[in-house]
file protein.txt (compact mmCIF, C-alpha atoms)
# COMPACT_ATOMS: atom_id res chain seq x y z
CA MET A 1 134.20 50.18 97.61
CA ASN A 2 136.31 53.11 96.45
CA ASP A 3 137.64 56.19 98.18
CA SER A 4 136.11 59.50 97.24
CA PRO A 5 137.34 60.72 93.86
CA GLN A 6 137.62 64.23 95.33
CA ASP A 7 140.34 63.08 97.76
CA THR A 8 143.65 64.63 96.70
CA THR A 9 145.80 63.36 99.59
CA GLU A 10 149.01 61.70 98.40
CA THR A 11 148.45 57.98 97.92
CA VAL A 12 150.96 55.28 98.86
CA PHE A 13 149.12 52.05 98.04
CA SER A 14 146.35 52.12 95.46
CA VAL A 15 144.27 48.95 95.12
CA ARG A 16 141.59 48.45 92.48
CA GLU A 17 139.28 45.48 91.90
CA LEU A 18 141.71 43.12 93.62
CA TRP A 19 140.92 39.40 93.78
CA LYS A 20 142.68 36.47 95.39
CA VAL A 21 141.15 33.13 94.49
CA PHE A 22 142.53 29.80 95.67
CA GLY A 23 141.78 26.66 93.70
CA PRO A 24 141.84 25.19 90.18
CA LYS A 25 141.66 27.65 87.27
CA ALA A 26 141.34 30.49 89.76
CA ARG A 27 141.59 33.25 87.14
CA ARG A 28 138.27 32.32 85.56
CA VAL A 29 136.36 33.41 88.70
CA PRO A 30 136.97 37.20 88.53
CA ALA A 31 136.68 37.05 84.73
CA ASP A 32 133.23 35.42 84.74
CA PRO A 33 130.32 37.76 85.66
CA GLU A 34 128.24 34.82 86.90
CA LEU A 35 130.95 33.26 89.06
CA ARG A 36 131.83 36.65 90.58
CA THR A 37 128.38 36.88 92.18
CA LEU A 38 128.28 33.42 93.81
CA ASP A 39 128.56 33.21 97.57
CA ALA A 40 131.40 31.20 99.12
CA ALA A 41 129.52 27.88 99.34
CA GLU A 42 128.13 28.08 95.79
CA LEU A 43 131.51 29.06 94.36
CA ARG A 44 133.23 26.15 96.08
CA GLU A 45 130.57 23.73 94.85
CA ARG A 46 130.67 25.00 91.25
CA THR A 47 134.41 25.50 90.83
CA GLY A 48 136.30 24.06 93.79
CA CYS A 49 137.65 27.58 94.39
CA THR A 50 137.67 29.89 97.40
CA ALA A 51 137.67 33.66 96.91
CA ALA A 52 139.58 35.02 99.90
CA VAL A 53 139.60 38.58 98.54
CA ARG A 54 136.73 39.72 96.32
CA ASP A 55 136.81 42.84 94.16
CA VAL A 56 138.48 45.06 96.78
CA SER A 57 139.37 48.70 96.06
CA PHE A 58 140.90 51.30 98.37
CA ASP A 59 143.75 53.79 98.73
CA VAL A 60 146.19 54.04 101.63
CA ARG A 61 147.07 57.69 102.13
CA LYS A 62 150.50 58.90 103.08
CA GLY A 63 150.91 59.27 106.85
CA GLU A 64 147.69 57.55 107.90
CA VAL A 65 146.99 54.45 109.97
CA PHE A 66 144.76 52.38 107.69
CA VAL A 67 143.12 49.50 109.57
CA VAL A 68 141.70 46.40 107.89
CA MET A 69 139.36 44.70 110.31
CA GLY A 70 137.30 41.55 110.14
CA LEU A 71 136.53 38.25 111.78
CA SER A 72 138.51 35.09 111.13
CA GLY A 73 138.14 34.07 107.48
CA SER A 74 137.15 37.55 106.30
CA GLY A 75 140.22 37.83 104.04
CA LYS A 76 142.08 40.57 105.89
CA SER A 77 145.41 38.74 106.33
CA THR A 78 145.35 37.51 102.75
CA LEU A 79 144.74 41.07 101.61
CA VAL A 80 147.74 42.55 103.45
CA ARG A 81 150.00 39.82 102.08
CA CYS A 82 148.84 40.67 98.57
CA LEU A 83 150.17 44.22 99.02
CA THR A 84 153.77 42.98 98.78
CA ARG A 85 152.95 39.82 96.81
CA LEU A 86 153.78 37.45 99.64
CA ILE A 87 150.54 36.06 98.24
CA GLU A 88 150.06 36.59 94.51
CA PRO A 89 146.79 38.35 93.62
CA THR A 90 144.62 36.64 91.03
CA ALA A 91 143.32 39.78 89.33
CA GLY A 92 143.11 43.54 89.73
CA THR A 93 145.61 46.38 89.94
CA LEU A 94 147.99 47.30 92.75
CA THR A 95 150.47 50.18 92.88
CA ILE A 96 152.83 51.73 95.42
CA ASP A 97 153.69 55.38 94.78
CA GLY A 98 152.27 54.89 91.29
CA GLU A 99 154.53 51.91 90.49
CA ASP A 100 152.83 48.71 89.35
CA VAL A 101 153.52 46.09 92.03
CA LEU A 102 152.11 43.23 89.93
CA SER A 103 154.67 43.79 87.18
CA MET A 104 157.70 43.93 89.53
CA ASP A 105 160.44 41.40 88.83
CA THR A 106 162.16 39.42 91.61
CA GLY A 107 164.76 42.08 92.31
CA ARG A 108 162.24 44.90 92.46
CA LEU A 109 159.99 42.86 94.78
CA ARG A 110 162.94 42.17 97.06
CA GLU A 111 163.62 45.90 97.21
CA LEU A 112 159.95 46.57 97.99
CA ARG A 113 159.94 44.13 100.92
CA ARG A 114 163.33 45.12 102.31
CA HIS A 115 163.18 48.89 101.99
CA ARG A 116 159.69 50.20 101.29
CA ALA A 117 157.12 48.04 103.11
CA ALA A 118 158.15 46.17 106.28
CA MET A 119 155.95 43.50 107.86
CA VAL A 120 155.35 43.04 111.60
CA PHE A 121 153.77 39.64 112.25
CA GLN A 122 151.91 38.11 115.21
CA HIS A 123 154.73 35.57 115.55
CA PHE A 124 157.81 37.65 116.07
CA GLY A 125 160.27 35.45 114.14
CA LEU A 126 163.22 36.55 116.26
CA LEU A 127 166.51 34.72 115.84
CA PRO A 128 167.00 32.86 119.15
CA HIS A 129 170.81 32.86 119.08
CA ARG A 130 171.06 36.63 118.53
CA THR A 131 170.85 39.42 121.07
CA VAL A 132 168.15 42.08 121.07
CA LEU A 133 170.52 44.50 119.37
CA ASP A 134 171.54 42.05 116.66
CA ASN A 135 167.94 41.01 116.04
CA ILE A 136 167.00 44.66 115.49
CA ALA A 137 170.00 45.08 113.17
CA TYR A 138 169.17 41.97 111.14
CA GLY A 139 167.18 43.77 108.45
CA LEU A 140 170.03 46.22 107.99
CA GLU A 141 172.44 43.30 107.66
CA ILE A 142 170.26 41.87 104.88
CA GLN A 143 170.43 45.28 103.20
CA GLY A 144 174.23 45.13 103.26
CA VAL A 145 174.80 47.85 105.88
CA GLY A 146 178.20 47.56 107.62
CA ARG A 147 178.37 46.08 111.12
CA ARG A 148 179.30 49.27 112.96
CA GLU A 149 176.65 51.39 111.24
CA ARG A 150 173.87 48.88 111.62
CA ARG A 151 174.57 48.39 115.33
CA GLU A 152 174.60 52.16 115.86
CA ARG A 153 171.29 52.52 114.04
CA ALA A 154 169.81 49.54 115.88
CA ALA A 155 170.85 51.08 119.22
CA GLY A 156 168.75 54.14 118.40
CA PHE A 157 165.67 52.00 117.90
CA VAL A 158 166.32 50.13 121.16
CA THR A 159 165.69 53.45 122.87
CA LYS A 160 162.78 54.39 120.62
CA VAL A 161 160.77 51.28 121.58
CA GLY A 162 161.71 51.33 125.28
CA LEU A 163 164.17 48.42 125.48
CA GLU A 164 167.09 50.25 127.06
CA GLY A 165 169.25 47.92 129.17
CA LEU A 166 168.08 44.80 127.34
CA GLU A 167 170.40 45.07 124.33
CA ASP A 168 172.43 41.97 125.19
CA ARG A 169 169.56 39.65 126.13
CA ARG A 170 168.38 36.77 123.99
CA PRO A 171 164.71 36.44 122.93
CA SER A 172 164.14 33.61 125.43
CA GLN A 173 164.96 36.07 128.22
CA LEU A 174 162.23 38.51 127.16
CA SER A 175 158.51 38.74 127.84
CA GLY A 176 156.03 38.54 124.96
CA GLY A 177 155.61 42.30 124.94
CA GLN A 178 159.36 42.85 124.90
CA GLN A 179 159.74 40.40 122.02
CA GLN A 180 157.10 42.27 120.06
CA ARG A 181 158.97 45.52 120.71
CA VAL A 182 162.08 43.92 119.21
CA GLY A 183 160.03 42.92 116.14
CA LEU A 184 158.68 46.45 115.83
CA ALA A 185 162.15 47.99 116.21
CA ARG A 186 163.55 45.61 113.58
CA ALA A 187 160.88 46.75 111.12
CA LEU A 188 161.47 50.43 111.93
CA ALA A 189 165.26 50.13 111.63
CA VAL A 190 165.15 49.59 107.86
CA ASP A 191 163.27 52.92 107.58
CA PRO A 192 160.36 51.63 105.47
CA GLU A 193 157.86 53.93 103.83
CA VAL A 194 155.02 51.73 105.10
CA LEU A 195 154.70 49.45 108.12
CA LEU A 196 152.37 46.48 107.58
CA PHE A 197 151.06 44.93 110.81
CA ASP A 198 149.37 41.52 110.57
CA GLU A 199 147.53 41.07 113.91
CA PRO A 200 150.80 41.71 115.75
CA PHE A 201 149.36 41.84 119.26
CA SER A 202 146.79 39.02 119.12
CA ALA A 203 148.82 36.62 121.26
CA LEU A 204 149.67 39.15 123.97
CA ASP A 205 148.03 39.49 127.37
CA PRO A 206 145.47 42.34 127.51
CA LEU A 207 147.63 44.75 129.53
CA ILE A 208 150.69 44.16 127.35
CA ARG A 209 148.51 44.49 124.26
CA ARG A 210 147.27 47.87 125.45
CA ASP A 211 150.85 48.99 126.06
CA MET A 212 151.81 47.98 122.53
CA GLN A 213 148.82 49.82 121.08
CA GLU A 214 149.94 52.93 122.94
CA GLU A 215 153.43 52.38 121.53
CA VAL A 216 152.07 52.34 117.97
CA VAL A 217 150.05 55.50 118.64
CA ARG A 218 153.15 57.22 120.07
CA LEU A 219 155.41 56.17 117.20
CA HIS A 220 152.86 57.30 114.65
CA ARG A 221 152.46 60.65 116.39
CA GLU A 222 156.25 61.16 116.48
CA GLU A 223 157.11 59.88 112.99
CA GLY A 224 153.91 60.18 110.93
CA ARG A 225 154.80 56.93 109.18
CA THR A 226 152.19 55.27 106.99
CA MET A 227 150.80 52.12 108.62
CA VAL A 228 148.47 49.36 107.49
CA PHE A 229 147.17 47.48 110.51
CA ILE A 230 145.27 44.17 110.38
CA THR A 231 143.12 43.19 113.36
CA HIS A 232 139.99 41.26 114.32
CA ASP A 233 139.53 43.44 117.41
CA LEU A 234 137.09 46.32 117.01
CA SER A 235 138.34 48.31 120.00
CA GLU A 236 141.90 48.06 118.63
CA ALA A 237 140.72 49.23 115.22
CA LEU A 238 138.85 52.20 116.68
CA LYS A 239 141.80 53.17 118.84
CA LEU A 240 144.45 53.01 116.12
CA GLY A 241 142.74 53.70 112.81
CA ASP A 242 142.46 56.99 110.98
CA ARG A 243 140.25 54.98 108.61
CA ILE A 244 138.91 51.45 108.87
CA ALA A 245 138.02 48.97 106.13
CA LEU A 246 135.64 46.40 107.59
CA MET A 247 135.75 43.09 105.69
CA ARG A 248 133.29 40.24 105.44
CA ASP A 249 133.63 37.18 103.18
CA GLY A 250 136.48 38.75 101.23
CA ARG A 251 134.71 42.06 100.55
CA ILE A 252 134.97 45.50 102.14
CA VAL A 253 131.49 46.20 103.49
CA GLN A 254 132.33 49.67 104.81
CA LEU A 255 135.34 51.98 104.62
CA GLY A 256 135.41 55.11 106.74
CA THR A 257 136.67 56.88 109.82
CA PRO A 258 135.96 55.35 113.23
CA GLU A 259 133.25 57.99 113.66
CA GLU A 260 131.64 57.06 110.35
CA ILE A 261 131.75 53.34 111.11
CA VAL A 262 130.15 53.76 114.54
CA GLY A 263 127.87 56.70 113.76
CA ALA A 264 126.59 55.65 110.33
CA PRO A 265 126.87 51.86 109.84
CA ALA A 266 126.52 50.88 106.18
CA ASP A 267 124.31 47.84 106.79
CA ASP A 268 122.93 45.52 109.45
CA TYR A 269 126.19 43.56 109.63
CA VAL A 270 128.21 46.66 110.50
CA ARG A 271 125.46 47.89 112.81
CA ASP A 272 125.61 44.62 114.73
CA PHE A 273 129.40 44.74 114.75
CA VAL A 274 129.50 48.14 116.48
CA ARG A 275 126.37 47.71 118.61
CA ASP A 276 128.22 47.53 121.94
CA VAL A 277 130.69 50.34 121.24
CA PRO A 278 130.29 53.30 123.64
CA ARG A 279 129.32 55.90 121.04
CA GLU A 280 130.38 58.81 123.23
CA GLN A 281 133.98 57.53 123.20
CA VAL A 282 134.17 57.53 119.38
CA LEU A 283 131.81 60.18 118.01
CA THR A 284 132.99 63.76 118.01
CA VAL A 285 131.15 66.91 119.00
CA ARG A 286 130.44 67.54 115.30
CA SER A 287 127.70 64.92 115.52
CA ALA A 288 126.05 66.58 118.51
CA MET A 289 126.30 70.30 117.84
CA ARG A 290 123.67 72.71 116.62
CA PRO A 291 123.99 76.30 115.31
CA ALA A 292 124.76 78.82 118.04
CA ARG A 293 122.38 81.64 118.86
CA ALA A 294 123.85 85.12 119.11
CA ASP A 295 123.96 84.97 122.93
CA GLU A 296 125.70 81.56 122.96
CA SER A 297 128.75 82.04 120.75
CA GLU A 298 130.85 83.93 123.33
CA SER A 299 130.15 82.07 126.57
CA GLY A 300 130.66 78.57 127.92
CA PRO A 301 133.60 76.16 127.75
CA ALA A 302 135.17 75.58 124.32
CA LEU A 303 136.17 72.32 122.63
CA ALA A 304 137.81 71.62 119.28
CA PRO A 305 135.69 69.94 116.56
CA GLY A 306 137.64 66.71 117.03
CA ALA A 307 136.84 66.41 120.74
CA THR A 308 134.75 63.40 121.68
CA VAL A 309 131.17 63.49 122.89
CA HIS A 310 132.49 62.04 126.15
CA GLU A 311 134.61 65.17 126.65
CA ALA A 312 131.57 67.34 125.96
CA ILE A 313 129.46 65.39 128.45
CA ASP A 314 132.16 65.95 131.07
CA ALA A 315 132.30 69.69 130.31
CA VAL A 316 128.51 70.13 130.40
CA ALA A 317 128.23 68.15 133.62
CA ARG A 318 131.06 70.12 135.22
CA THR A 319 129.86 73.61 134.28
CA GLY A 320 126.13 73.21 133.71
CA GLU A 321 126.53 75.25 130.51
CA HIS A 322 126.46 74.46 126.83
CA VAL A 323 129.80 73.77 125.13
CA ARG A 324 131.06 75.86 122.23
CA VAL A 325 132.71 74.05 119.32
CA VAL A 326 135.54 76.36 118.27
CA ASP A 327 137.97 76.07 115.38
CA GLY A 328 140.55 78.77 114.63
CA GLY A 329 138.78 81.22 116.90
CA ARG A 330 135.46 80.76 115.09
CA CYS A 331 132.45 79.26 116.87
CA LEU A 332 131.05 76.54 114.63
CA GLY A 333 128.15 75.67 116.90
CA VAL A 334 127.20 74.59 120.41
CA VAL A 335 126.50 71.33 122.16
CA ASP A 336 123.85 71.14 124.86
CA HIS A 337 122.14 68.44 126.95
CA ALA A 338 119.61 67.60 124.21
CA GLY A 339 122.28 67.14 121.56
CA LEU A 340 124.39 64.92 123.78
CA LEU A 341 121.42 62.76 124.74
CA GLY A 342 120.48 62.35 121.09
CA VAL A 343 123.94 61.17 120.08
CA VAL A 344 124.33 58.74 122.97
CA ALA A 345 120.89 57.34 122.16
CA GLY A 346 121.84 56.94 118.51
CA VAL A 347 120.03 59.92 117.01
CA GLU A 348 122.18 62.70 115.55
CA ALA A 349 121.23 66.26 116.40
CA ALA A 350 120.47 68.30 113.25
CA PRO A 351 122.86 66.22 111.09
CA ALA A 352 122.42 68.21 107.87
CA VAL A 353 123.06 71.56 109.56
CA THR A 354 125.99 70.08 111.50
CA ARG A 355 127.73 68.70 108.44
CA LYS A 356 127.27 71.99 106.58
CA ALA A 357 128.62 74.01 109.50
CA VAL A 358 131.75 71.89 109.80
CA ALA A 359 132.47 71.64 106.06

call {"tool": "encode", "arguments": {"input": "protein.txt", "output": "C-alpha cells"}}
result
Amino acid sequence: MNDSPQDTTETVFSVRELWKVFGPKARRVPADPELRTLDAAELRERTGCTAAVRDVSFDVRKGEVFVVMGLSGSGKSTLVRCLTRLIEPTAGTLTIDGEDVLSMDTGRLRELRRHRAAMVFQHFGLLPHRTVLDNIAYGLEIQGVGRRERRERAAGFVTKVGLEGLEDRRPSQLSGGQQQRVGLARALAVDPEVLLFDEPFSALDPLIRRDMQEEVVRLHREEGRTMVFITHDLSEALKLGDRIALMRDGRIVQLGTPEEIVGAPADDYVRDFVRDVPREQVLTVRSAMRPARADESESGPALAPGATVHEAIDAVARTGEHVRVVDGGRCLGVVDHAGLLGVVAGVEAAPAVTRKAVA
C-alpha cells in the first residue's frame, strides 16, 4: 500500500516493497511470484520460511507521528527494526532522507543508530549502577561528548521529561513510569531526527501508560520531532497517530489518518478492529457537515474543521442551534442534529459534498 503520489510533504523514511523472510533460502520467496502469494501456513509448509514483513510500502513524513499497529505476530516490531537494520530486510528498498539504508556500511549504520534514529524499547535497558542523569547522558558518552557538556545537556532533558529532583537516583529506586521517562530522555538527548518507539508503554499500569502517552503528545507538540510508534493498542494508536498503518500477517491492510481508519475501514478485518471505537471521539465535523443555507452561515456557535463530532454534539446540545464549521473566517458548512446522528450511527452526511467543500 503506497502513499498518494500527489503528496509533496518532505519524506524522512521511504519504504518500498520491503520483505523480511526468516528461514532457509529466504530471498527466493519475494523473488518468486508463486511463493509471494502463499499464506503463512502454505509458505511454511512449502519452504520452511516465515514472511514476517510482506511487500510493505509507505513514507514517514517529516514531523509526523506515524503509528504501526497490529496484533501480536502481525510483523510490526520486525518492521520497525528493519528501518535501522537491527533486523536485515530480505528484499525491497529503504531510504532515510534519500540515502539508501540497505547499502550503508558498518560505520554509516552506526551513525544512523546513534545520531539520526533513536530507539525507545518496552524494556528500558537502563544501566543499574548509573544515576538517572548518567543514564540519560549515556548516548552522548557513546557519541564522544565530553563529561561536562553531556551532563549539562542531560540535565536539560531531566526537566523536559519531568524528572526534576531524581537526578541522583538509581533505576531500582524509580517506578516503571519514571524508568520509561529516563529511557525517553536518553533517546531525546542525542537529538535524533526520528524517534522509533517499539511498544514502549506495554508493560506499564494503565494510569502510568496514559501519562506517558500524554508526555509523547506534549513533546511532539513542543518539538515537532518525527516519530514512528509501534503498538498493539488501538486507543493508543488513535490518540497518538497522525497516520496509522494497520498490519495483519506481515502486510499493511490500511494506511490512513485515525479518521479514515475509523470512518472508512478498508475491509472487514479493519471494520471489526474499530467496531467498538466511539466514532464521535475520532471523526471530525467534516464528516457530519452539510452546505450552509444563506440564513445559517452567520449564526450559531463556530468550530474549526478539525474539531471532533463529540465537540459538535456538546455545542448543539448546549445551544440548541446548528454548528458552523469555520476556517479562516469562511463558513465551510454547518452541522445539525441529523448530521450528527448519521455519523454516530455510521452513515456519513452528504459525504461527496462534504469532501468537496473541505478540499

call {"tool": "closest_residue", "arguments": {"input": "protein.txt", "among": "A:Ala294, A:Leu204, A:Ala137, A:Met247", "to": "Ser77 of chain A", "atoms": "all atoms listed in the file"}}
result
A:Met247

call {"tool": "axis_aligned_box", "arguments": {"input": "protein.txt", "around": "segment 82-92 of chain A", "padding_each_side": "4 Å", "output": "AutoDock Vina command-line options"}}
result
--center_x 148.4 --center_y 40.1 --center_z 94.5 --size_x 18.7 --size_y 16.2 --size_z 18.3

call {"tool": "residues_around", "arguments": {"input": "protein.txt", "residues": "segment 144-148 of chain A", "least_positions_apart": "3", "cutoff": "12 Å", "atoms": "only C-alpha atoms", "output": "PyMOL selection string"}}
result
chain A and resi 114-115+133-134+137-141+151-155+189-190

call {"tool": "atom_distance", "arguments": {"input": "protein.txt", "atom1": "atom CA of Thr50 of chain A", "atom2": "atom CA of Leu255 of chain A"}}
result
23.4 Å

call {"tool": "closest_atom_pairs", "arguments": {"input": "protein.txt", "of": "segment 183-257 of chain A", "to": "segment 52-68 of chain A", "cutoff": "6 Å", "atoms": "only C-alpha atoms", "output": "CSV"}}
result
residue,atom,partner,partner_atom,distance
A:Gly224,CA,A:Gly63,CA,5.1
A:Arg225,CA,A:Gly63,CA,5.1
A:Thr226,CA,A:Gly63,CA,4.2
A:Met227,CA,A:Val65,CA,4.7
A:Val228,CA,A:Phe66,CA,4.8
A:Phe229,CA,A:Val67,CA,4.6
A:Ile230,CA,A:Val68,CA,4.9
A:Gly241,CA,A:Val65,CA,5.2
A:Asp242,CA,A:Val65,CA,5.3
A:Arg243,CA,A:Phe66,CA,5.3
A:Ile244,CA,A:Val67,CA,4.7
A:Ala245,CA,A:Val68,CA,4.8
A:Gly250,CA,A:Val53,CA,4.1
A:Arg251,CA,A:Arg54,CA,5.2

call {"tool": "atom_distance", "arguments": {"input": "protein.txt", "atom1": "atom CA of Ala118 of chain A", "atom2": "atom CA of Ala185 of chain A"}}
result
10.9 Å

call {"tool": "residues_around", "arguments": {"input": "protein.txt", "residues": "segment 317-322 of chain A", "least_positions_apart": "3", "cutoff": "8 Å", "atoms": "all atoms listed in the file", "output": "PyMOL selection string"}}
result
chain A and resi 300-301+313-314+334-337

call {"tool": "atom_distance", "arguments": {"input": "protein.txt", "atom1": "atom CA of Arg81 of chain A", "atom2": "atom CA of Ile252 of chain A"}}
result
16.1 Å

call {"tool": "closest_residue", "arguments": {"input": "protein.txt", "among": "A:Arg113, A:Arg170, A:His129, A:Arg44", "to": "Val29 of chain A", "atoms": "all atoms listed in the file"}}
result
A:Arg44

call {"tool": "residues_around", "arguments": {"input": "protein.txt", "residues": "segment 269-281 of chain A", "least_positions_apart": "6", "cutoff": "9 Å", "atoms": "only C-alpha atoms", "output": "VMD selection string"}}
result
chain A and resid 234 to 235 246 248 253 to 254 259 261 to 263 308 to 311 313 340 343 to 346

call {"tool": "write_last_selection", "arguments": {"input": "protein.txt", "atoms": "C-alpha atoms", "output": "mmCIF file, keeping the file's coordinate frame"}}
result
data_model
loop_
_atom_site.group_PDB
_atom_site.id
_atom_site.type_symbol
_atom_site.label_atom_id
_atom_site.label_comp_id
_atom_site.auth_asym_id
_atom_site.auth_seq_id
_atom_site.Cartn_x
_atom_site.Cartn_y
_atom_site.Cartn_z
ATOM 1 C CA LEU A 234 137.090 46.320 117.010
ATOM 2 C CA SER A 235 138.340 48.310 120.000
ATOM 3 C CA LEU A 246 135.640 46.400 107.590
ATOM 4 C CA ARG A 248 133.290 40.240 105.440
ATOM 5 C CA VAL A 253 131.490 46.200 103.490
ATOM 6 C CA GLN A 254 132.330 49.670 104.810
ATOM 7 C CA GLU A 259 133.250 57.990 113.660
ATOM 8 C CA ILE A 261 131.750 53.340 111.110
ATOM 9 C CA VAL A 262 130.150 53.760 114.540
ATOM 10 C CA GLY A 263 127.870 56.700 113.760
ATOM 11 C CA THR A 308 134.750 63.400 121.680
ATOM 12 C CA VAL A 309 131.170 63.490 122.890
ATOM 13 C CA HIS A 310 132.490 62.040 126.150
ATOM 14 C CA GLU A 311 134.610 65.170 126.650
ATOM 15 C CA ILE A 313 129.460 65.390 128.450
ATOM 16 C CA LEU A 340 124.390 64.920 123.780
ATOM 17 C CA VAL A 343 123.940 61.170 120.080
ATOM 18 C CA VAL A 344 124.330 58.740 122.970
ATOM 19 C CA ALA A 345 120.890 57.340 122.160
ATOM 20 C CA GLY A 346 121.840 56.940 118.510
#

call {"tool": "residues_around", "arguments": {"input": "protein.txt", "residues": "Val216 of chain A", "least_positions_apart": "4", "cutoff": "12 Å", "atoms": "only C-alpha atoms", "output": "PyMOL selection string"}}
result
chain A and resi 65+120+160-161+180-181+184-185+188+195-197+200-201+209-212+220-229+236+239-241

call {"tool": "closest_residue", "arguments": {"input": "protein.txt", "among": "A:Arg330, A:Lys20, A:Arg116, A:Arg293", "to": "Asp97 of chain A", "atoms": "only C-alpha atoms"}}
result
A:Arg116

call {"tool": "build_atoms", "arguments": {"input": "protein.txt", "residues": "segment 44-55 of chain A", "atoms": "N, CA, C and O atoms", "output": "JSON list (two decimals), in the coordinates of the input"}}
result
[["chain", "number", "residue", "atom", "x", "y", "z"],
["A", 44, "ARG", "N", 132.45, 27.36, 95.78],
["A", 44, "ARG", "CA", 133.23, 26.15, 96.08],
["A", 44, "ARG", "C", 132.60, 24.95, 95.41],
["A", 44, "ARG", "O", 133.29, 24.09, 94.84],
["A", 45, "GLU", "N", 131.26, 24.86, 95.45],
["A", 45, "GLU", "CA", 130.57, 23.73, 94.85],
["A", 45, "GLU", "C", 130.71, 23.73, 93.32],
["A", 45, "GLU", "O", 130.90, 22.68, 92.71],
["A", 46, "ARG", "N", 130.62, 24.90, 92.72],
["A", 46, "ARG", "CA", 130.67, 25.00, 91.25],
["A", 46, "ARG", "C", 132.07, 24.85, 90.69],
["A", 46, "ARG", "O", 132.27, 24.28, 89.61],
["A", 47, "THR", "N", 133.06, 25.40, 91.42],
["A", 47, "THR", "CA", 134.41, 25.50, 90.83],
["A", 47, "THR", "C", 135.52, 24.86, 91.65],
["A", 47, "THR", "O", 136.63, 24.67, 91.15],
["A", 48, "GLY", "N", 135.23, 24.54, 92.91],
["A", 48, "GLY", "CA", 136.30, 24.06, 93.79],
["A", 48, "GLY", "C", 137.21, 25.17, 94.27],
["A", 48, "GLY", "O", 138.27, 24.92, 94.85],
["A", 49, "CYS", "N", 136.82, 26.41, 94.04],
["A", 49, "CYS", "CA", 137.65, 27.58, 94.39],
["A", 49, "CYS", "C", 137.12, 28.30, 95.62],
["A", 49, "CYS", "O", 135.93, 28.23, 95.93],
["A", 50, "THR", "N", 138.03, 29.01, 96.29],
["A", 50, "THR", "CA", 137.67, 29.89, 97.40],
["A", 50, "THR", "C", 138.17, 31.29, 97.09],
["A", 50, "THR", "O", 139.37, 31.48, 96.81],
["A", 51, "ALA", "N", 137.29, 32.27, 97.13],
["A", 51, "ALA", "CA", 137.67, 33.66, 96.91],
["A", 51, "ALA", "C", 137.93, 34.32, 98.25],
["A", 51, "ALA", "O", 137.01, 34.70, 98.96],
["A", 52, "ALA", "N", 139.22, 34.44, 98.61],
["A", 52, "ALA", "CA", 139.58, 35.02, 99.90],
["A", 52, "ALA", "C", 139.48, 36.53, 99.88],
["A", 52, "ALA", "O", 139.19, 37.16, 100.90],
["A", 53, "VAL", "N", 139.75, 37.14, 98.72],
["A", 53, "VAL", "CA", 139.60, 38.58, 98.54],
["A", 53, "VAL", "C", 138.77, 38.80, 97.29],
["A", 53, "VAL", "O", 139.10, 38.27, 96.22],
["A", 54, "ARG", "N", 137.68, 39.57, 97.41],
["A", 54, "ARG", "CA", 136.73, 39.72, 96.32],
["A", 54, "ARG", "C", 136.57, 41.19, 95.92],
["A", 54, "ARG", "O", 136.01, 41.99, 96.67],
["A", 55, "ASP", "N", 137.11, 41.56, 94.78],
["A", 55, "ASP", "CA", 136.81, 42.84, 94.16],
["A", 55, "ASP", "C", 137.01, 44.01, 95.14],
["A", 55, "ASP", "O", 136.14, 44.85, 95.32]]
